[in-house]
>>> print(open('model_29.txt').read())   # compact mmCIF, C-alpha atoms
# COMPACT_ATOMS: atom_id res chain seq x y z
CA MET A 1 0.00 0.00 0.00
CA LEU A 2 1.34 3.40 -0.94
CA ASP A 3 1.79 6.04 1.69
CA LYS A 4 -0.57 8.90 0.88
CA ASN A 5 2.07 11.42 1.87
CA ASN A 6 4.49 9.97 -0.70
CA GLN A 7 2.17 9.42 -3.62
CA GLU A 8 3.68 12.34 -5.52
CA PRO A 9 7.46 12.35 -5.95
CA GLN A 10 9.29 15.63 -5.28
CA SER A 11 10.53 15.80 -8.84
CA SER A 12 7.00 15.70 -10.20
CA ASN A 13 6.34 19.24 -8.92
CA PRO A 14 9.14 21.37 -10.38
CA LEU A 15 7.30 24.61 -9.60
CA LYS A 16 7.17 23.84 -5.90
CA HIS A 17 10.81 22.74 -5.94
CA GLU A 18 11.81 26.03 -7.57
CA GLN A 19 9.85 28.00 -5.00
CA ASN A 20 11.62 26.14 -2.17
CA SER A 21 14.99 26.86 -3.76
CA ARG A 22 14.17 30.53 -4.04
CA GLY A 23 13.06 30.57 -0.42
CA LYS A 24 16.32 29.00 0.70
CA ARG A 25 18.33 31.49 -1.35
CA SER A 26 16.35 34.38 0.14
CA MET A 27 16.93 33.03 3.64
CA ARG A 28 20.67 32.69 3.01
CA ALA A 29 20.76 36.27 1.67
CA ALA A 30 18.89 37.50 4.74
CA LEU A 31 21.28 35.66 7.05
CA ALA A 32 24.25 37.11 5.15
CA GLY A 33 22.82 40.58 5.63
CA ASN A 34 22.23 39.95 9.34
CA LYS A 35 25.93 39.25 9.86
CA TYR A 36 26.76 42.83 9.02
CA VAL A 37 23.79 44.17 10.99
CA THR A 38 25.19 42.26 13.96
CA ALA A 39 28.62 43.76 13.35
CA PHE A 40 27.05 47.22 13.22
CA THR A 41 25.26 46.54 16.52
CA LEU A 42 28.45 45.29 18.16
CA GLY A 43 30.26 48.43 17.05
CA LEU A 44 27.46 50.57 18.48
CA GLN A 45 27.50 48.70 21.78
CA SER A 46 31.28 49.00 21.98
CA SER A 47 31.14 52.77 21.50
CA MET A 48 28.55 53.10 24.27
CA GLU A 49 30.51 50.82 26.58
CA TYR A 50 33.71 52.82 26.36
CA ARG A 51 32.20 56.28 26.87
CA LEU A 52 35.26 57.56 28.72
CA GLN A 53 37.36 56.88 25.62
CA PHE A 54 35.05 59.12 23.59
CA PHE A 55 35.32 62.00 26.05
CA ILE A 56 39.10 61.63 26.06
CA GLY A 57 38.96 61.82 22.25
CA LEU A 58 36.78 64.93 22.53
CA PHE A 59 39.40 66.51 24.79
CA ASN A 60 42.02 65.59 22.20
CA LEU A 61 39.98 67.66 19.74
CA VAL A 62 39.54 70.72 21.97
CA PHE A 63 43.16 70.92 23.13
CA PRO A 64 44.98 71.02 19.74
CA VAL A 65 42.29 73.22 18.14
CA GLY A 66 42.50 75.66 21.06
CA LEU A 67 46.29 75.68 20.83
CA GLN A 68 46.18 76.37 17.08
CA CYS A 69 43.71 79.21 17.64
CA LEU A 70 46.09 80.78 20.18
CA ILE A 71 49.01 80.48 17.76
CA TRP A 72 47.06 82.03 14.87
CA THR A 73 45.85 84.81 17.18
CA ALA A 74 49.46 85.65 18.04
CA VAL A 75 50.48 85.50 14.37
CA TYR A 76 47.71 87.87 13.25
CA ALA A 77 48.44 90.24 16.15
CA SER A 78 52.11 90.45 15.19
CA GLN A 79 51.58 91.55 11.57
CA ASP A 80 49.92 94.58 10.01
CA HIS A 81 48.01 92.82 7.22
CA GLN A 82 44.36 92.00 7.72
CA SER A 83 44.66 88.68 5.90
CA LEU A 84 47.17 85.86 5.86
CA TYR A 85 47.35 83.23 3.10
CA GLY A 86 44.04 84.60 1.84
CA TYR A 87 42.25 84.21 5.20
CA ASP A 88 41.28 87.03 7.52
CA TYR A 89 41.35 86.38 11.26
CA GLY A 90 37.72 85.21 11.50
CA GLN A 91 38.05 82.91 8.49
CA MET A 92 41.23 81.37 9.89
CA MET A 93 39.56 80.69 13.25
CA LEU A 94 36.57 79.17 11.47
CA TYR A 95 38.80 76.99 9.28
CA THR A 96 40.80 75.78 12.29
CA VAL A 97 37.72 74.78 14.27
CA LEU A 98 35.91 73.16 11.33
CA ALA A 99 39.06 71.31 10.21
CA GLY A 100 39.45 69.85 13.70
CA ILE A 101 35.83 68.63 13.73
CA VAL A 102 35.96 67.27 10.16
CA ALA A 103 39.21 65.45 10.95
CA LYS A 104 37.46 63.72 13.86
CA LEU A 105 34.56 62.81 11.58
CA VAL A 106 36.55 61.28 8.72
CA MET A 107 39.65 59.79 10.38
CA THR A 108 39.06 56.08 11.06
CA HIS A 109 41.84 55.09 13.52
CA LEU A 110 41.37 51.44 12.46
CA GLU A 111 45.00 50.88 11.51
CA HIS A 112 46.10 49.21 14.73
CA THR A 113 42.96 47.04 14.94
CA ILE A 114 43.37 45.66 11.43
CA ALA A 115 47.14 45.24 11.82
CA GLU A 116 46.59 43.29 15.04
CA ASP A 117 44.14 40.96 13.27
CA ILE A 118 46.78 40.26 10.63
CA LYS A 119 49.68 39.89 13.07
CA SER A 120 47.89 37.75 15.68
CA GLY A 121 46.04 35.53 13.21
CA GLY A 122 42.64 36.92 14.12
CA LEU A 123 42.01 37.31 10.42
CA ASN A 124 41.63 33.51 10.22
CA THR A 125 38.16 33.77 11.75
CA TYR A 126 36.90 35.75 8.77
CA LEU A 127 38.73 33.76 6.10
CA VAL A 128 37.22 30.40 7.08
CA ARG A 129 33.67 31.69 7.50
CA PRO A 130 31.19 33.09 4.95
CA VAL A 131 31.80 36.70 5.91
CA SER A 132 33.73 39.48 4.20
CA TYR A 133 36.40 41.01 6.41
CA PHE A 134 35.97 44.33 4.62
CA GLY A 135 32.20 44.21 5.11
CA TYR A 136 32.55 43.26 8.77
CA ARG A 137 35.05 46.02 9.53
CA LEU A 138 33.00 48.61 7.63
CA SER A 139 29.77 47.63 9.43
CA ALA A 140 31.42 47.60 12.87
CA TYR A 141 33.10 50.93 12.13
CA MET A 142 29.83 52.56 11.09
CA GLY A 143 28.15 51.28 14.26
CA SER A 144 30.97 52.55 16.47
CA ARG A 145 30.67 56.04 14.99
CA VAL A 146 26.94 56.61 15.54
CA VAL A 147 27.20 58.22 18.99
CA SER A 148 30.45 60.13 18.47
CA ASP A 149 29.50 61.45 15.03
CA THR A 150 26.10 62.58 16.32
CA ILE A 151 27.78 64.67 19.02
CA LEU A 152 30.35 66.03 16.56
CA ILE A 153 27.60 67.00 14.12
CA ILE A 154 25.79 68.86 16.91
CA VAL A 155 29.01 70.70 17.77
CA MET A 156 29.56 71.52 14.08
CA SER A 157 25.99 72.82 13.79
CA VAL A 158 26.63 75.17 16.73
CA VAL A 159 29.84 76.43 15.10
CA ILE A 160 28.03 76.98 11.79
CA GLY A 161 25.22 78.83 13.57
CA ILE A 162 27.73 81.13 15.31
CA ALA A 163 29.57 81.76 12.03
CA MET A 164 26.31 82.64 10.25
CA ALA A 165 25.25 84.93 13.12
CA PHE A 166 28.54 86.86 12.98
CA HIS A 167 28.77 86.70 9.15
CA ILE A 168 32.05 84.79 9.17
CA GLY A 169 32.59 83.15 5.78
CA GLU A 170 29.82 82.70 3.24
CA MET A 171 27.57 80.19 4.96
CA SER A 172 24.24 79.15 3.45
CA LEU A 173 21.85 76.22 3.68
CA ASN A 174 22.72 75.21 0.11
CA ARG A 175 26.38 75.06 1.02
CA VAL A 176 25.62 73.01 4.11
CA ALA A 177 23.69 70.49 1.97
CA VAL A 178 26.57 70.20 -0.52
CA ALA A 179 29.09 69.99 2.32
CA ILE A 180 27.21 67.03 3.82
CA ILE A 181 27.63 65.12 0.55
CA THR A 182 31.34 65.99 0.42
CA LEU A 183 31.74 64.79 4.02
CA VAL A 184 30.15 61.42 3.20
CA LEU A 185 32.44 61.01 0.20
CA ALA A 186 35.44 62.17 2.24
CA SER A 187 34.69 59.53 4.90
CA ALA A 188 34.43 56.84 2.23
CA VAL A 189 37.72 57.91 0.62
CA GLN A 190 39.48 58.03 4.00
CA PHE A 191 38.19 54.57 5.01
CA LEU A 192 39.38 53.02 1.75
CA LEU A 193 42.71 54.83 2.03
CA THR A 194 43.22 53.48 5.54
CA TYR A 195 42.15 49.98 4.52
CA THR A 196 44.63 50.04 1.62
CA ILE A 197 47.50 51.23 3.82
CA CYS A 198 46.71 48.51 6.36
CA ALA A 199 47.57 45.88 3.75
CA LEU A 200 51.22 46.75 4.45
CA ALA A 201 50.82 44.82 7.70
CA PHE A 202 51.07 41.63 5.63
CA THR A 203 54.66 42.61 4.78
CA LEU A 204 55.97 44.62 7.73
CA GLN A 205 56.43 42.83 11.05
CA GLU A 206 56.27 45.91 13.29
CA ILE A 207 54.01 48.53 11.75
CA SER A 208 52.64 50.52 14.71
CA TYR A 209 55.27 53.25 14.40
CA PHE A 210 54.68 53.39 10.66
CA PHE A 211 50.98 54.11 11.31
CA VAL A 212 51.89 56.95 13.67
CA ILE A 213 53.98 58.56 10.93
CA THR A 214 51.42 58.00 8.18
CA THR A 215 48.59 59.39 10.33
CA LEU A 216 50.59 62.55 10.96
CA ILE A 217 51.49 62.93 7.27
CA VAL A 218 47.89 62.35 6.18
CA GLN A 219 46.63 64.99 8.64
CA ILE A 220 49.14 67.54 7.32
CA LEU A 221 48.51 66.80 3.63
CA SER A 222 44.75 66.81 4.11
CA GLY A 223 44.73 70.27 5.70
CA GLY A 224 43.76 69.00 9.12
CA MET A 225 46.37 71.09 10.93
CA VAL A 226 46.82 74.20 8.78
CA PRO A 227 45.27 75.39 5.49
CA LEU A 228 47.10 73.98 2.50
CA GLU A 229 47.77 77.54 1.22
CA VAL A 230 50.50 77.72 3.87
CA PHE A 231 52.66 75.34 1.78
CA GLY A 232 52.65 77.57 -1.28
CA GLU A 233 51.25 77.35 -4.79
CA ALA A 234 53.83 74.86 -6.10
CA ALA A 235 53.10 72.35 -3.34
CA ASN A 236 49.35 72.78 -3.82
CA GLN A 237 49.66 71.73 -7.44
CA TRP A 238 50.99 68.39 -6.19
CA PHE A 239 48.31 68.21 -3.51
CA ASN A 240 45.68 68.38 -6.26
CA LEU A 241 46.95 65.04 -7.57
CA LEU A 242 46.59 63.27 -4.20
CA PRO A 243 43.42 62.12 -2.42
CA PHE A 244 44.29 63.65 0.99
CA LYS A 245 43.15 67.16 0.11
CA TYR A 246 39.62 65.93 -0.54
CA THR A 247 39.13 64.48 2.95
CA ILE A 248 39.41 67.58 5.17
CA TYR A 249 40.51 70.72 3.30
CA PHE A 250 37.94 70.38 0.54
CA PRO A 251 34.79 69.80 2.69
CA VAL A 252 35.78 72.62 5.06
CA ASN A 253 36.25 75.13 2.24
CA VAL A 254 32.99 74.08 0.62
CA LEU A 255 31.26 74.78 3.92
CA ASN A 256 32.91 78.11 4.73
CA GLY A 257 32.35 79.50 1.23
CA ARG A 258 35.92 79.81 0.00
CA LEU A 259 35.13 77.53 -2.95
CA ALA A 260 32.57 78.48 -5.58
CA MET A 261 29.73 76.03 -6.17
CA ASN A 262 31.12 74.94 -9.55
CA GLU A 263 34.46 74.17 -7.82
CA ALA A 264 32.55 72.24 -5.17
CA PHE A 265 30.88 70.04 -7.79
CA GLN A 266 34.20 69.49 -9.58
CA GLY A 267 35.76 68.45 -6.29
CA MET A 268 32.90 66.02 -5.63
CA LEU A 269 33.58 64.43 -9.01
CA ILE A 270 37.24 64.04 -8.07
CA GLN A 271 36.17 62.46 -4.76
CA LEU A 272 34.10 59.91 -6.70
CA VAL A 273 37.07 59.15 -8.95
CA TRP A 274 39.31 58.56 -5.93
CA PHE A 275 36.60 56.41 -4.36
CA VAL A 276 36.56 54.11 -7.40
CA LEU A 277 40.36 54.04 -7.68
CA LEU A 278 40.80 53.22 -4.00
CA ILE A 279 38.28 50.39 -4.20
CA GLY A 280 40.46 48.81 -6.88
CA ALA A 281 43.68 49.60 -5.01
CA SER A 282 42.42 48.14 -1.73
CA ARG A 283 41.21 44.93 -3.40
CA MET A 284 44.54 44.50 -5.18
CA ALA A 285 46.61 45.29 -2.08
CA TRP A 286 44.68 42.80 0.06
CA LYS A 287 44.72 40.14 -2.63
CA LEU A 288 48.50 40.38 -2.83
CA GLY A 289 48.78 40.53 0.96
CA LEU A 290 46.68 37.40 1.51
CA LYS A 291 49.10 35.47 -0.71
CA ARG A 292 51.80 36.23 1.87
CA TYR A 293 49.56 35.65 4.86
CA VAL A 294 50.61 32.69 7.06
CA GLY A 295 47.71 32.75 9.51
CA ILE A 296 49.57 31.68 12.65
CA GLY A 297 47.47 32.06 15.79
CA GLY A 298 43.84 33.15 15.88
>>> encode(input="model_29.txt", output="structure tokens")
Amino acid sequence: MLDKNNQEPQSSNPLKHEQNSRGKRSMRAALAGNKYVTAFTLGLQSSMEYRLQFFIGLFNLVFPVGLQCLIWTAVYASQDHQSLYGYDYGQMMLYTVLAGIVAKLVMTHLEHTIAEDIKSGGLNTYLVRPVSYFGYRLSAYMGSRVVSDTILIIVMSVVIGIAMAFHIGEMSLNRVAVAIITLVLASAVQFLLTYTICALAFTLQEISYFFVITTLIVQILSGGMVPLEVFGEAANQWFNLLPFKYTIYFPVNVLNGRLAMNEAFQGMLIQLVWFVLLIGASRMAWKLGLKRYVGIGG
């Protein structure tokens, strides 16, 4: 006697079989997406757990910016000209404060974390499981920045409001909207730049000091410490060929009105070009690095 539940073979209903296959694929896609949502959540929880670290980082923003403002105040007081390097006193103060905030927004500080994964073998966990290390690090990084970036954006909004009230620079709502887009692109370029540089950890045994040097150089070349006009016109021609300028200097000068709107849109196009180039460079650098990776530990 035939079992009623088995009277129809599975192969005799191809439509149902196809629907089941699609359902399984959709479930696998959902689970794959959840991995990165989980990474985002872990990053968010980590940022809220180590609140003291954030406030220390906020102090690290106030102290150097305040020191730079004091130095520029002394420089302007010691000379007869109203402007210096094309900036009057108010514009220089505004640039210094905004550059400090933007630097905090776009700088990733992931170098040591990624290098430690490579050196200690922690990268093995991601290589043997169906998860992208790049996707995991990006998701966790975005989660860890939610609280800090929200506070920094509030501080920036206050600075912009004060600048508009005292007519410092050429602030406008249109410029703010364009500057937000440039900040998003600047963050993406900076993340990819950091991720590409971190691939050197596959080659260099001790790289922590190298990261200290590169972070300092990147901050200088990106205009995070002083406006790039300080280095002269010849140096700025070279800066135009590098991606660093478009991470801090460019968004700040879009916001404060020193760049015309057509220059802002041209700079955004250059940011997109660097974004695409750095995607290719990071993939190539990590592909070559993984060939040298031993994977001891983990």
>>> closest_residue(input="model_29.txt", among="A:Thr125, A:Gln219, A:Ser46, A:Asn256", to="Gly90 in chain A", atoms="only C-alpha atoms")
A:Asn256
>>> closest_residue(input="model_29.txt", among="A:Ile180, A:Val102, A:Ile270, A:Leu138", to="Val37 in chain A", atoms="all atoms listed in the file")
A:Leu138
>>> atom_distance(input="model_29.txt", atom1="CA of Leu152 in chain A", atom2="CA of Leu259 in chain A")
23.1 Å
>>> residues_around(input="model_29.txt", residues="Phe210 in chain A", least_positions_apart="4", cutoff="10 Å", atoms="all atoms listed in the file", output="PyMOL selection string")
chain A and resi 200-201+204+206+214-215
>>> closest_residue(input="model_29.txt", among="A:Ala264, A:Leu84, A:Ile114, A:Leu185", to="Ser208 in chain A", atoms="all atoms listed in the file")
A:Ile114
>>> residues_near_point(input="model_29.txt", point="(31.5, 86.5, 11.5)", cutoff="12 Å", atoms="only C-alpha atoms", output="PyMOL selection string")
chain A and resi 88-94+159-171+256
>>> closest_residue(input="model_29.txt", among="A:Ala281, A:Val178, A:Leu127, A:Val252", to="Ile101 in chain A", atoms="all atoms listed in the file")
A:Val252
>>> atom_distance(input="model_29.txt", atom1="CA of Ile207 in chain A", atom2="CA of Leu221 in chain A")
20.7 Å
>>> atom_distance(input="model_29.txt", atom1="CA of Asp117 in chain A", atom2="CA of Arg137 in chain A")
11.1 Å
>>> residues_around(input="model_29.txt", residues="range 287-293 of chain A", least_positions_apart="5", cutoff="10 Å", atoms="only C-alpha atoms", output="PyMOL selection string")
chain A and resi 118-119+121+123-124+127+198-203+281-282
>>> residues_around(input="model_29.txt", residues="Tyr36 in chain A", least_positions_apart="3", cutoff="9 Å", atoms="all atoms listed in the file", output="mmCIF file with C-alpha atoms, in the coordinates of the input")
data_model
loop_
_atom_site.group_PDB
_atom_site.id
_atom_site.type_symbol
_atom_site.label_atom_id
_atom_site.label_comp_id
_atom_site.auth_asym_id
_atom_site.auth_seq_id
_atom_site.Cartn_x
_atom_site.Cartn_y
_atom_site.Cartn_z
ATOM 1 C CA ALA A 32 24.250 37.110 5.150
ATOM 2 C CA GLY A 33 22.820 40.580 5.630
ATOM 3 C CA ALA A 39 28.620 43.760 13.350
ATOM 4 C CA PHE A 40 27.050 47.220 13.220
ATOM 5 C CA THR A 41 25.260 46.540 16.520
ATOM 6 C CA VAL A 131 31.800 36.700 5.910
ATOM 7 C CA GLY A 135 32.200 44.210 5.110
ATOM 8 C CA TYR A 136 32.550 43.260 8.770
ATOM 9 C CA ARG A 137 35.050 46.020 9.530
ATOM 10 C CA LEU A 138 33.000 48.610 7.630
ATOM 11 C CA SER A 139 29.770 47.630 9.430
ATOM 12 C CA ALA A 140 31.420 47.600 12.870
#
>>> axis_aligned_box(input="model_29.txt", around="range 144-159 of chain A", padding_each_side="5 Å", output="AutoDock Vina command-line options")
--center_x 28.4 --center_y 64.5 --center_z 16.4 --size_x 15.2 --size_y 33.9 --size_z 15.2
